[in-house]
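final_7.pdb follows; it contains PDB, N, CA and C atoms.
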ATOM      1  N   MET A1385       0.073 -36.553   4.415
ATOM      2  CA  MET A1385      -1.006 -36.049   3.592
ATOM      3  C   MET A1385      -1.598 -34.823   4.265
ATOM      4  N   CYS A1386      -1.839 -33.797   3.518
ATOM      5  CA  CYS A1386      -2.505 -32.595   4.014
ATOM      6  C   CYS A1386      -3.965 -32.650   3.589
ATOM      7  N   LEU A1387      -4.826 -32.294   4.520
ATOM      8  CA  LEU A1387      -6.247 -32.386   4.235
ATOM      9  C   LEU A1387      -6.959 -31.220   4.900
ATOM     10  N   ALA A1388      -7.780 -30.532   4.146
ATOM     11  CA  ALA A1388      -8.639 -29.494   4.710
ATOM     12  C   ALA A1388     -10.004 -30.120   4.945
ATOM     13  N   VAL A1389     -10.544 -29.913   6.134
ATOM     14  CA  VAL A1389     -11.807 -30.524   6.530
ATOM     15  C   VAL A1389     -12.887 -29.459   6.599
ATOM     16  N   PRO A1390     -14.052 -29.701   5.987
ATOM     17  CA  PRO A1390     -15.125 -28.722   6.097
ATOM     18  C   PRO A1390     -15.727 -28.727   7.495
ATOM     19  N   GLY A1391     -15.979 -27.540   8.005
ATOM     20  CA  GLY A1391     -16.604 -27.412   9.314
ATOM     21  C   GLY A1391     -17.578 -26.253   9.309
ATOM     22  N   LYS A1392     -18.569 -26.344  10.172
ATOM     23  CA  LYS A1392     -19.591 -25.305  10.264
ATOM     24  C   LYS A1392     -19.215 -24.343  11.386
ATOM     25  N   VAL A1393     -19.201 -23.054  11.095
ATOM     26  CA  VAL A1393     -18.869 -22.040  12.084
ATOM     27  C   VAL A1393     -20.007 -21.958  13.102
ATOM     28  N   VAL A1394     -19.669 -22.226  14.365
ATOM     29  CA  VAL A1394     -20.650 -22.229  15.449
ATOM     30  C   VAL A1394     -20.693 -20.862  16.135
ATOM     31  N   SER A1395     -19.523 -20.283  16.353
ATOM     32  CA  SER A1395     -19.445 -18.968  16.990
ATOM     33  C   SER A1395     -18.145 -18.300  16.572
ATOM     34  N   ILE A1396     -18.152 -16.972  16.662
ATOM     35  CA  ILE A1396     -16.958 -16.194  16.340
ATOM     36  C   ILE A1396     -16.680 -15.268  17.506
ATOM     37  N   GLY A1397     -15.445 -15.306  17.983
ATOM     38  CA  GLY A1397     -15.053 -14.478  19.112
ATOM     39  C   GLY A1397     -14.051 -13.414  18.699
ATOM     40  N   ALA A1398     -13.335 -12.928  19.688
ATOM     41  CA  ALA A1398     -12.339 -11.877  19.469
ATOM     42  C   ALA A1398     -11.218 -12.367  18.565
ATOM     43  N   ASN A1399     -10.610 -11.447  17.865
ATOM     44  CA  ASN A1399      -9.459 -11.717  17.012
ATOM     45  C   ASN A1399      -9.733 -12.764  15.940
ATOM     46  N   ALA A1400     -10.961 -12.823  15.455
ATOM     47  CA  ALA A1400     -11.360 -13.744  14.388
ATOM     48  C   ALA A1400     -11.154 -15.208  14.769
ATOM     49  N   ARG A1401     -11.220 -15.510  16.066
ATOM     50  CA  ARG A1401     -11.142 -16.903  16.528
ATOM     51  C   ARG A1401     -12.560 -17.456  16.536
ATOM     52  N   ALA A1402     -12.734 -18.633  15.974
ATOM     53  CA  ALA A1402     -14.069 -19.215  15.868
ATOM     54  C   ALA A1402     -14.090 -20.623  16.437
ATOM     55  N   THR A1403     -15.274 -21.039  16.837
ATOM     56  CA  THR A1403     -15.525 -22.432  17.155
ATOM     57  C   THR A1403     -16.171 -23.029  15.919
ATOM     58  N   VAL A1404     -15.582 -24.121  15.432
ATOM     59  CA  VAL A1404     -16.033 -24.752  14.201
ATOM     60  C   VAL A1404     -16.366 -26.209  14.485
ATOM     61  N   ASP A1405     -17.537 -26.658  14.050
ATOM     62  CA  ASP A1405     -17.964 -28.044  14.219
ATOM     63  C   ASP A1405     -17.509 -28.847  13.001
ATOM     64  N   MET A1406     -16.578 -29.782  13.255
ATOM     65  CA  MET A1406     -16.084 -30.647  12.193
ATOM     66  C   MET A1406     -16.396 -32.088  12.568
ATOM     67  N   LEU A1407     -17.348 -32.674  11.846
ATOM     68  CA  LEU A1407     -17.747 -34.067  12.080
ATOM     69  C   LEU A1407     -18.187 -34.303  13.512
ATOM     70  N   GLY A1408     -18.868 -33.323  14.086
ATOM     71  CA  GLY A1408     -19.398 -33.474  15.434
ATOM     72  C   GLY A1408     -18.444 -33.098  16.545
ATOM     73  N   ILE A1409     -17.254 -32.660  16.188
ATOM     74  CA  ILE A1409     -16.262 -32.235  17.180
ATOM     75  C   ILE A1409     -16.026 -30.744  17.005
ATOM     76  N   GLU A1410     -16.153 -29.996  18.100
ATOM     77  CA  GLU A1410     -15.923 -28.555  18.022
ATOM     78  C   GLU A1410     -14.458 -28.242  18.295
ATOM     79  N   LYS A1411     -13.861 -27.489  17.384
ATOM     80  CA  LYS A1411     -12.461 -27.078  17.483
ATOM     81  C   LYS A1411     -12.375 -25.572  17.281
ATOM     82  N   GLU A1412     -11.314 -24.993  17.768
ATOM     83  CA  GLU A1412     -11.069 -23.577  17.544
ATOM     84  C   GLU A1412     -10.265 -23.413  16.265
ATOM     85  N   ALA A1413     -10.620 -22.402  15.475
ATOM     86  CA  ALA A1413      -9.907 -22.109  14.240
ATOM     87  C   ALA A1413      -9.873 -20.601  14.031
ATOM     88  N   SER A1414      -8.840 -20.149  13.369
ATOM     89  CA  SER A1414      -8.737 -18.733  13.019
ATOM     90  C   SER A1414      -9.476 -18.477  11.709
ATOM     91  N   LEU A1415     -10.219 -17.386  11.672
ATOM     92  CA  LEU A1415     -10.901 -16.989  10.442
ATOM     93  C   LEU A1415     -10.233 -15.780   9.799
ATOM     94  N   ARG A1416      -9.005 -15.492  10.175
ATOM     95  CA  ARG A1416      -8.310 -14.326   9.625
ATOM     96  C   ARG A1416      -8.152 -14.395   8.107
ATOM     97  N   LEU A1417      -8.073 -15.610   7.552
ATOM     98  CA  LEU A1417      -7.911 -15.753   6.106
ATOM     99  C   LEU A1417      -9.241 -15.711   5.366
ATOM    100  N   VAL A1418     -10.340 -15.795   6.112
ATOM    101  CA  VAL A1418     -11.690 -15.733   5.518
ATOM    102  C   VAL A1418     -12.533 -14.755   6.337
ATOM    103  N   PRO A1419     -12.206 -13.463   6.264
ATOM    104  CA  PRO A1419     -12.873 -12.471   7.116
ATOM    105  C   PRO A1419     -14.367 -12.324   6.860
ATOM    106  N   ASP A1420     -14.860 -12.802   5.714
ATOM    107  CA  ASP A1420     -16.290 -12.704   5.419
ATOM    108  C   ASP A1420     -17.097 -13.862   5.993
ATOM    109  N   ALA A1421     -16.427 -14.867   6.561
ATOM    110  CA  ALA A1421     -17.137 -16.022   7.133
ATOM    111  C   ALA A1421     -17.985 -15.563   8.314
ATOM    112  N   LYS A1422     -19.167 -16.175   8.420
ATOM    113  CA  LYS A1422     -20.062 -15.835   9.524
ATOM    114  C   LYS A1422     -20.632 -17.112  10.133
ATOM    115  N   VAL A1423     -21.272 -16.968  11.277
ATOM    116  CA  VAL A1423     -21.873 -18.107  11.958
ATOM    117  C   VAL A1423     -22.852 -18.786  10.992
ATOM    118  N   GLY A1424     -22.749 -20.113  10.907
ATOM    119  CA  GLY A1424     -23.595 -20.895  10.012
ATOM    120  C   GLY A1424     -22.922 -21.247   8.697
ATOM    121  N   ASP A1425     -21.860 -20.521   8.330
ATOM    122  CA  ASP A1425     -21.122 -20.829   7.104
ATOM    123  C   ASP A1425     -20.276 -22.085   7.298
ATOM    124  N   TYR A1426     -19.992 -22.749   6.194
ATOM    125  CA  TYR A1426     -19.022 -23.840   6.190
ATOM    126  C   TYR A1426     -17.702 -23.289   5.689
ATOM    127  N   VAL A1427     -16.620 -23.647   6.368
ATOM    128  CA  VAL A1427     -15.285 -23.250   5.947
ATOM    129  C   VAL A1427     -14.404 -24.490   5.876
ATOM    130  N   LEU A1428     -13.449 -24.473   4.963
ATOM    131  CA  LEU A1428     -12.439 -25.523   4.948
ATOM    132  C   LEU A1428     -11.397 -25.150   5.980
ATOM    133  N   VAL A1429     -11.087 -26.081   6.881
ATOM    134  CA  VAL A1429     -10.130 -25.820   7.952
ATOM    135  C   VAL A1429      -8.881 -26.660   7.705
ATOM    136  N   HIS A1430      -7.745 -26.000   7.702
ATOM    137  CA  HIS A1430      -6.459 -26.675   7.543
ATOM    138  C   HIS A1430      -5.475 -26.063   8.529
ATOM    139  N   ALA A1431      -4.867 -26.906   9.327
ATOM    140  CA  ALA A1431      -3.845 -26.474  10.290
ATOM    141  C   ALA A1431      -4.348 -25.358  11.205
ATOM    142  N   GLY A1432      -5.616 -25.425  11.598
ATOM    143  CA  GLY A1432      -6.167 -24.458  12.534
ATOM    144  C   GLY A1432      -6.647 -23.159  11.920
ATOM    145  N   PHE A1433      -6.651 -23.086  10.595
ATOM    146  CA  PHE A1433      -7.091 -21.878   9.903
ATOM    147  C   PHE A1433      -8.229 -22.196   8.944
ATOM    148  N   GLY A1434      -9.262 -21.373   8.944
ATOM    149  CA  GLY A1434     -10.258 -21.432   7.891
ATOM    150  C   GLY A1434      -9.602 -20.856   6.656
ATOM    151  N   ILE A1435      -9.623 -21.608   5.561
ATOM    152  CA  ILE A1435      -8.917 -21.141   4.365
ATOM    153  C   ILE A1435      -9.852 -20.790   3.215
ATOM    154  N   GLN A1436     -11.126 -21.206   3.311
ATOM    155  CA  GLN A1436     -12.069 -20.913   2.241
ATOM    156  C   GLN A1436     -13.492 -21.149   2.751
ATOM    157  N   VAL A1437     -14.403 -20.251   2.420
ATOM    158  CA  VAL A1437     -15.822 -20.475   2.685
ATOM    159  C   VAL A1437     -16.338 -21.347   1.542
ATOM    160  N   VAL A1438     -17.100 -22.408   1.888
ATOM    161  CA  VAL A1438     -17.599 -23.316   0.859
ATOM    162  C   VAL A1438     -19.126 -23.402   0.912
ATOM    163  N   ASP A1439     -19.702 -23.759  -0.212
ATOM    164  CA  ASP A1439     -21.134 -23.969  -0.331
ATOM    165  C   ASP A1439     -21.559 -25.107   0.602
ATOM    166  N   PRO A1440     -22.678 -24.956   1.322
ATOM    167  CA  PRO A1440     -23.119 -26.003   2.247
ATOM    168  C   PRO A1440     -23.290 -27.372   1.583
ATOM    169  N   GLN A1441     -23.808 -27.409   0.363
ATOM    170  CA  GLN A1441     -23.982 -28.693  -0.327
ATOM    171  C   GLN A1441     -22.624 -29.327  -0.624
ATOM    172  N   GLU A1442     -21.671 -28.525  -1.065
ATOM    173  CA  GLU A1442     -20.321 -29.028  -1.334
ATOM    174  C   GLU A1442     -19.694 -29.563  -0.043
ATOM    175  N   ALA A1443     -19.894 -28.846   1.059
ATOM    176  CA  ALA A1443     -19.359 -29.291   2.348
ATOM    177  C   ALA A1443     -19.956 -30.636   2.742
ATOM    178  N   GLN A1444     -21.280 -30.789   2.593
ATOM    179  CA  GLN A1444     -21.938 -32.048   2.950
ATOM    180  C   GLN A1444     -21.460 -33.192   2.063
ATOM    181  N   GLU A1445     -21.250 -32.937   0.777
ATOM    182  CA  GLU A1445     -20.748 -33.966  -0.133
ATOM    183  C   GLU A1445     -19.339 -34.403   0.274
ATOM    184  N   THR A1446     -18.502 -33.441   0.648
ATOM    185  CA  THR A1446     -17.144 -33.759   1.084
ATOM    186  C   THR A1446     -17.165 -34.569   2.371
ATOM    187  N   ILE A1447     -18.015 -34.179   3.304
ATOM    188  CA  ILE A1447     -18.144 -34.911   4.572
ATOM    189  C   ILE A1447     -18.586 -36.347   4.295
ATOM    190  N   ALA A1448     -19.553 -36.531   3.404
ATOM    191  CA  ALA A1448     -20.025 -37.877   3.066
ATOM    192  C   ALA A1448     -18.898 -38.710   2.462
ATOM    193  N   LEU A1449     -18.103 -38.114   1.584
ATOM    194  CA  LEU A1449     -16.975 -38.836   0.995
ATOM    195  C   LEU A1449     -15.934 -39.207   2.051
ATOM    196  N   MET A1450     -15.685 -38.302   2.982
ATOM    197  CA  MET A1450     -14.710 -38.574   4.040
ATOM    198  C   MET A1450     -15.154 -39.767   4.884
ATOM    199  N   LYS A1451     -16.450 -39.861   5.126
ATOM    200  CA  LYS A1451     -16.980 -40.961   5.932
ATOM    201  C   LYS A1451     -16.855 -42.302   5.221
ATOM    202  N   GLU A1452     -16.752 -42.282   3.893
ATOM    203  CA  GLU A1452     -16.630 -43.509   3.123
ATOM    204  C   GLU A1452     -15.199 -44.035   3.055
ATOM    205  N   LEU A1453     -14.223 -43.198   3.335
ATOM    206  CA  LEU A1453     -12.829 -43.622   3.237
ATOM    207  C   LEU A1453     -12.437 -44.448   4.461
ATOM    208  N   PRO A1454     -12.145 -45.728   4.264
ATOM    209  CA  PRO A1454     -11.828 -46.592   5.403
ATOM    210  C   PRO A1454     -10.569 -46.115   6.126
ATOM    211  N   GLY A1455     -10.675 -46.048   7.445
ATOM    212  CA  GLY A1455      -9.530 -45.700   8.277
ATOM    213  C   GLY A1455      -9.219 -44.223   8.379
ATOM    214  N   LEU A1456      -9.832 -43.384   7.577
ATOM    215  CA  LEU A1456      -9.497 -41.957   7.602
ATOM    216  C   LEU A1456      -9.871 -41.313   8.917
ATOM    217  N   LEU A1457     -11.054 -41.595   9.414
ATOM    218  CA  LEU A1457     -11.539 -40.915  10.606
ATOM    219  C   LEU A1457     -11.201 -41.623  11.906
ATOM    220  N   GLU A1458     -10.997 -42.920  11.877
ATOM    221  CA  GLU A1458     -10.825 -43.669  13.113
ATOM    222  C   GLU A1458      -9.626 -43.225  13.945
ATOM    223  N   ASP A1459      -8.556 -42.788  13.304
ATOM    224  CA  ASP A1459      -7.356 -42.403  14.038
ATOM    225  C   ASP A1459      -7.501 -41.104  14.805
ATOM    226  N   ASP A1460      -8.293 -40.175  14.289
ATOM    227  CA  ASP A1460      -8.363 -38.838  14.859
ATOM    228  C   ASP A1460      -9.700 -38.458  15.486
ATOM    229  N   MET A1461     -10.734 -39.233  15.229
ATOM    230  CA  MET A1461     -12.065 -38.869  15.696
ATOM    231  C   MET A1461     -12.617 -39.930  16.643
ATOM    232  N   PRO A1462     -13.438 -39.485  17.604
ATOM    233  CA  PRO A1462     -14.106 -40.465  18.454
ATOM    234  C   PRO A1462     -15.027 -41.353  17.631
ATOM    235  N   ALA A1463     -15.374 -42.498  18.171
ATOM    236  CA  ALA A1463     -16.187 -43.481  17.439
ATOM    237  C   ALA A1463     -17.504 -42.880  16.956
ATOM    238  N   THR A1464     -18.122 -42.000  17.732
ATOM    239  CA  THR A1464     -19.413 -41.441  17.317
ATOM    240  C   THR A1464     -19.266 -40.585  16.079
ATOM    241  N   ALA A1465     -18.198 -39.817  15.973
ATOM    242  CA  ALA A1465     -18.005 -38.980  14.784
ATOM    243  C   ALA A1465     -17.680 -39.841  13.582
ATOM    244  N   ALA A1466     -16.809 -40.841  13.769
ATOM    245  CA  ALA A1466     -16.429 -41.704  12.665
ATOM    246  C   ALA A1466     -17.617 -42.514  12.170
ATOM    247  N   ALA A1467     -18.558 -42.803  13.057
ATOM    248  CA  ALA A1467     -19.705 -43.632  12.689
ATOM    249  C   ALA A1467     -20.790 -42.838  11.972
ATOM    250  N   GLY A1468     -20.696 -41.525  11.971
ATOM    251  CA  GLY A1468     -21.683 -40.798  11.185
ATOM    252  C   GLY A1468     -22.331 -39.618  11.862
ATOM    253  N   ALA A1469     -21.826 -39.158  12.982
ATOM    254  CA  ALA A1469     -22.410 -37.980  13.628
ATOM    255  C   ALA A1469     -22.203 -36.771  12.734
ATOM    256  N   LEU A1470     -23.077 -35.825  12.803
ATOM    257  CA  LEU A1470     -23.054 -34.509  12.145
ATOM    258  C   LEU A1470     -24.345 -34.242  11.479
TER     259      LEU A1470
END

Once you've parsed the file, please lay out its structure as structure tokens.
Amino acid sequence: MCLAVPGKVVSIGANARATVDMLGIEKEASLRLVPDAKVGDYVLVHAGFGIQVVDPQEAQETIALMKELPGLLEDDMPATAAAGAL
């Protein structure tokens, strides 16, 4: 299954590399596909790339739905993120 996860852009560095907070875990992602993204924006992240800037409310709704899906987060996220951090 392929899944894009909404994350909040925390910082942007050289070469459009960003730190993105996804469910309380900070990961590096490329923003080359979304050059208008800025710190504080939510982006959908898939395979290490931001693929779309999304509305903050839409991002929060998606995050809430992800937290409701049994077993989705437990395999890839620490217990604190799966339990509701963010």

Env of Lys1392 in chain A: 6 Å cut, atoms = all atoms listed in the file, seq-sep filter 2 positions within chain, self excluded. Answer as a PDB file with N, CA and C atoms, in the coordinates of the input.
ATOM      1  N   PRO A1390     -14.052 -29.701   5.987  1.00  0.00           N
ATOM      2  CA  PRO A1390     -15.125 -28.722   6.097  1.00  0.00           C
ATOM      3  C   PRO A1390     -15.727 -28.727   7.495  1.00  0.00           C
ATOM      4  N   VAL A1394     -19.669 -22.226  14.365  1.00  0.00           N
ATOM      5  CA  VAL A1394     -20.650 -22.229  15.449  1.00  0.00           C
ATOM      6  C   VAL A1394     -20.693 -20.862  16.135  1.00  0.00           C
ATOM      7  N   THR A1403     -15.274 -21.039  16.837  1.00  0.00           N
ATOM      8  CA  THR A1403     -15.525 -22.432  17.155  1.00  0.00           C
ATOM      9  C   THR A1403     -16.171 -23.029  15.919  1.00  0.00           C
ATOM     10  N   VAL A1404     -15.582 -24.121  15.432  1.00  0.00           N
ATOM     11  CA  VAL A1404     -16.033 -24.752  14.201  1.00  0.00           C
ATOM     12  C   VAL A1404     -16.366 -26.209  14.485  1.00  0.00           C
ATOM     13  N   ASP A1405     -17.537 -26.658  14.050  1.00  0.00           N
ATOM     14  CA  ASP A1405     -17.964 -28.044  14.219  1.00  0.00           C
ATOM     15  C   ASP A1405     -17.509 -28.847  13.001  1.00  0.00           C
ATOM     16  N   MET A1406     -16.578 -29.782  13.255  1.00  0.00           N
ATOM     17  CA  MET A1406     -16.084 -30.647  12.193  1.00  0.00           C
ATOM     18  C   MET A1406     -16.396 -32.088  12.568  1.00  0.00           C
ATOM     19  N   GLY A1424     -22.749 -20.113  10.907  1.00  0.00           N
ATOM     20  CA  GLY A1424     -23.595 -20.895  10.012  1.00  0.00           C
ATOM     21  C   GLY A1424     -22.922 -21.247   8.697  1.00  0.00           C
ATOM     22  N   ASP A1425     -21.860 -20.521   8.330  1.00  0.00           N
ATOM     23  CA  ASP A1425     -21.122 -20.829   7.104  1.00  0.00           C
ATOM     24  C   ASP A1425     -20.276 -22.085   7.298  1.00  0.00           C
ATOM     25  N   TYR A1426     -19.992 -22.749   6.194  1.00  0.00           N
ATOM     26  CA  TYR A1426     -19.022 -23.840   6.190  1.00  0.00           C
ATOM     27  C   TYR A1426     -17.702 -23.289   5.689  1.00  0.00           C
ATOM     28  N   VAL A1427     -16.620 -23.647   6.368  1.00  0.00           N
ATOM     29  CA  VAL A1427     -15.285 -23.250   5.947  1.00  0.00           C
ATOM     30  C   VAL A1427     -14.404 -24.490   5.876  1.00  0.00           C
TER      31      VAL A1427
END

| request: Show which residues sit within 10 Å of Val1429 in chain A, as a list in words. Count only C-alpha atoms, and ignore same-chain residues fewer than 3 positions away. | output: Leu1387, Ala1388, Val1389, Pro1390, Gly1391, Lys1392, Val1404, Met1406, Lys1411, Glu1412, Ala1413, Ser1414, Leu1415, Tyr1426, Gly1432, Phe1433, Gly1434, Ile1435, Gln1436 and Val1437 of chain A

Same residues, N, CA and C atoms, saved as an mmCIF file, in the coordinates of the input:
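Ended up saving to part.cif:
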data_model
loop_
_atom_site.group_PDB
_atom_site.id
_atom_site.type_symbol
_atom_site.label_atom_id
_atom_site.label_comp_id
_atom_site.auth_asym_id
_atom_site.auth_seq_id
_atom_site.Cartn_x
_atom_site.Cartn_y
_atom_site.Cartn_z
ATOM 1 N N LEU A 1387 -4.826 -32.294 4.520
ATOM 2 C CA LEU A 1387 -6.247 -32.386 4.235
ATOM 3 C C LEU A 1387 -6.959 -31.220 4.900
ATOM 4 N N ALA A 1388 -7.780 -30.532 4.146
ATOM 5 C CA ALA A 1388 -8.639 -29.494 4.710
ATOM 6 C C ALA A 1388 -10.004 -30.120 4.945
ATOM 7 N N VAL A 1389 -10.544 -29.913 6.134
ATOM 8 C CA VAL A 1389 -11.807 -30.524 6.530
ATOM 9 C C VAL A 1389 -12.887 -29.459 6.599
ATOM 10 N N PRO A 1390 -14.052 -29.701 5.987
ATOM 11 C CA PRO A 1390 -15.125 -28.722 6.097
ATOM 12 C C PRO A 1390 -15.727 -28.727 7.495
ATOM 13 N N GLY A 1391 -15.979 -27.540 8.005
ATOM 14 C CA GLY A 1391 -16.604 -27.412 9.314
ATOM 15 C C GLY A 1391 -17.578 -26.253 9.309
ATOM 16 N N LYS A 1392 -18.569 -26.344 10.172
ATOM 17 C CA LYS A 1392 -19.591 -25.305 10.264
ATOM 18 C C LYS A 1392 -19.215 -24.343 11.386
ATOM 19 N N VAL A 1404 -15.582 -24.121 15.432
ATOM 20 C CA VAL A 1404 -16.033 -24.752 14.201
ATOM 21 C C VAL A 1404 -16.366 -26.209 14.485
ATOM 22 N N MET A 1406 -16.578 -29.782 13.255
ATOM 23 C CA MET A 1406 -16.084 -30.647 12.193
ATOM 24 C C MET A 1406 -16.396 -32.088 12.568
ATOM 25 N N LYS A 1411 -13.861 -27.489 17.384
ATOM 26 C CA LYS A 1411 -12.461 -27.078 17.483
ATOM 27 C C LYS A 1411 -12.375 -25.572 17.281
ATOM 28 N N GLU A 1412 -11.314 -24.993 17.768
ATOM 29 C CA GLU A 1412 -11.069 -23.577 17.544
ATOM 30 C C GLU A 1412 -10.265 -23.413 16.265
ATOM 31 N N ALA A 1413 -10.620 -22.402 15.475
ATOM 32 C CA ALA A 1413 -9.907 -22.109 14.240
ATOM 33 C C ALA A 1413 -9.873 -20.601 14.031
ATOM 34 N N SER A 1414 -8.840 -20.149 13.369
ATOM 35 C CA SER A 1414 -8.737 -18.733 13.019
ATOM 36 C C SER A 1414 -9.476 -18.477 11.709
ATOM 37 N N LEU A 1415 -10.219 -17.386 11.672
ATOM 38 C CA LEU A 1415 -10.901 -16.989 10.442
ATOM 39 C C LEU A 1415 -10.233 -15.780 9.799
ATOM 40 N N TYR A 1426 -19.992 -22.749 6.194
ATOM 41 C CA TYR A 1426 -19.022 -23.840 6.190
ATOM 42 C C TYR A 1426 -17.702 -23.289 5.689
ATOM 43 N N GLY A 1432 -5.616 -25.425 11.598
ATOM 44 C CA GLY A 1432 -6.167 -24.458 12.534
ATOM 45 C C GLY A 1432 -6.647 -23.159 11.920
ATOM 46 N N PHE A 1433 -6.651 -23.086 10.595
ATOM 47 C CA PHE A 1433 -7.091 -21.878 9.903
ATOM 48 C C PHE A 1433 -8.229 -22.196 8.944
ATOM 49 N N GLY A 1434 -9.262 -21.373 8.944
ATOM 50 C CA GLY A 1434 -10.258 -21.432 7.891
ATOM 51 C C GLY A 1434 -9.602 -20.856 6.656
ATOM 52 N N ILE A 1435 -9.623 -21.608 5.561
ATOM 53 C CA ILE A 1435 -8.917 -21.141 4.365
ATOM 54 C C ILE A 1435 -9.852 -20.790 3.215
ATOM 55 N N GLN A 1436 -11.126 -21.206 3.311
ATOM 56 C CA GLN A 1436 -12.069 -20.913 2.241
ATOM 57 C C GLN A 1436 -13.492 -21.149 2.751
ATOM 58 N N VAL A 1437 -14.403 -20.251 2.420
ATOM 59 C CA VAL A 1437 -15.822 -20.475 2.685
ATOM 60 C C VAL A 1437 -16.338 -21.347 1.542
#

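The space separating CA of Lys1451 in chain A from CA of Ala1421 in chain A comes to 25.0 Å.
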
| query | Hey, can you check how far CA of Val1393 in chain A sits from CA of Glu1445 in chain A? | reply |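 The value is 17.2 Å.
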
| Proximity to Ser1395 in chain A - best of A:Pro1454, A:Gln1441, A:Lys1422, A:Leu1449, all atoms listed in the file | A:Lys1422

| request: Using backbone DSSP assignments, extract all strand (DSSP E or B) residues from range 1393-1469 of chain A; output them as a list of chain:residue names. | output: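 Those residues are A:Val1393, A:Val1394, A:Ser1395, A:Ile1396, A:Arg1401, A:Ala1402, A:Thr1403, A:Val1404, A:Asp1405, A:Met1406, A:Ile1409, A:Glu1410, A:Lys1411, A:Glu1412, A:Ala1413, A:Ser1414, A:Tyr1426, A:Val1427, A:Leu1428, A:Val1429, A:His1430, A:Phe1433, A:Gly1434, A:Ile1435, A:Gln1436, A:Val1437, A:Val1438.
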
| said: Which residues, named as in the file, does the PyMOL selection byres ((chain A and resi 1399) around 7) pick out? Answer as a count of residues only. | reply: 8

| query | Suppose you want the space between atom N of Leu1453 in chain A and atom N of Leu1417 in chain A; what is it in Å? | reply | 28.6 Å
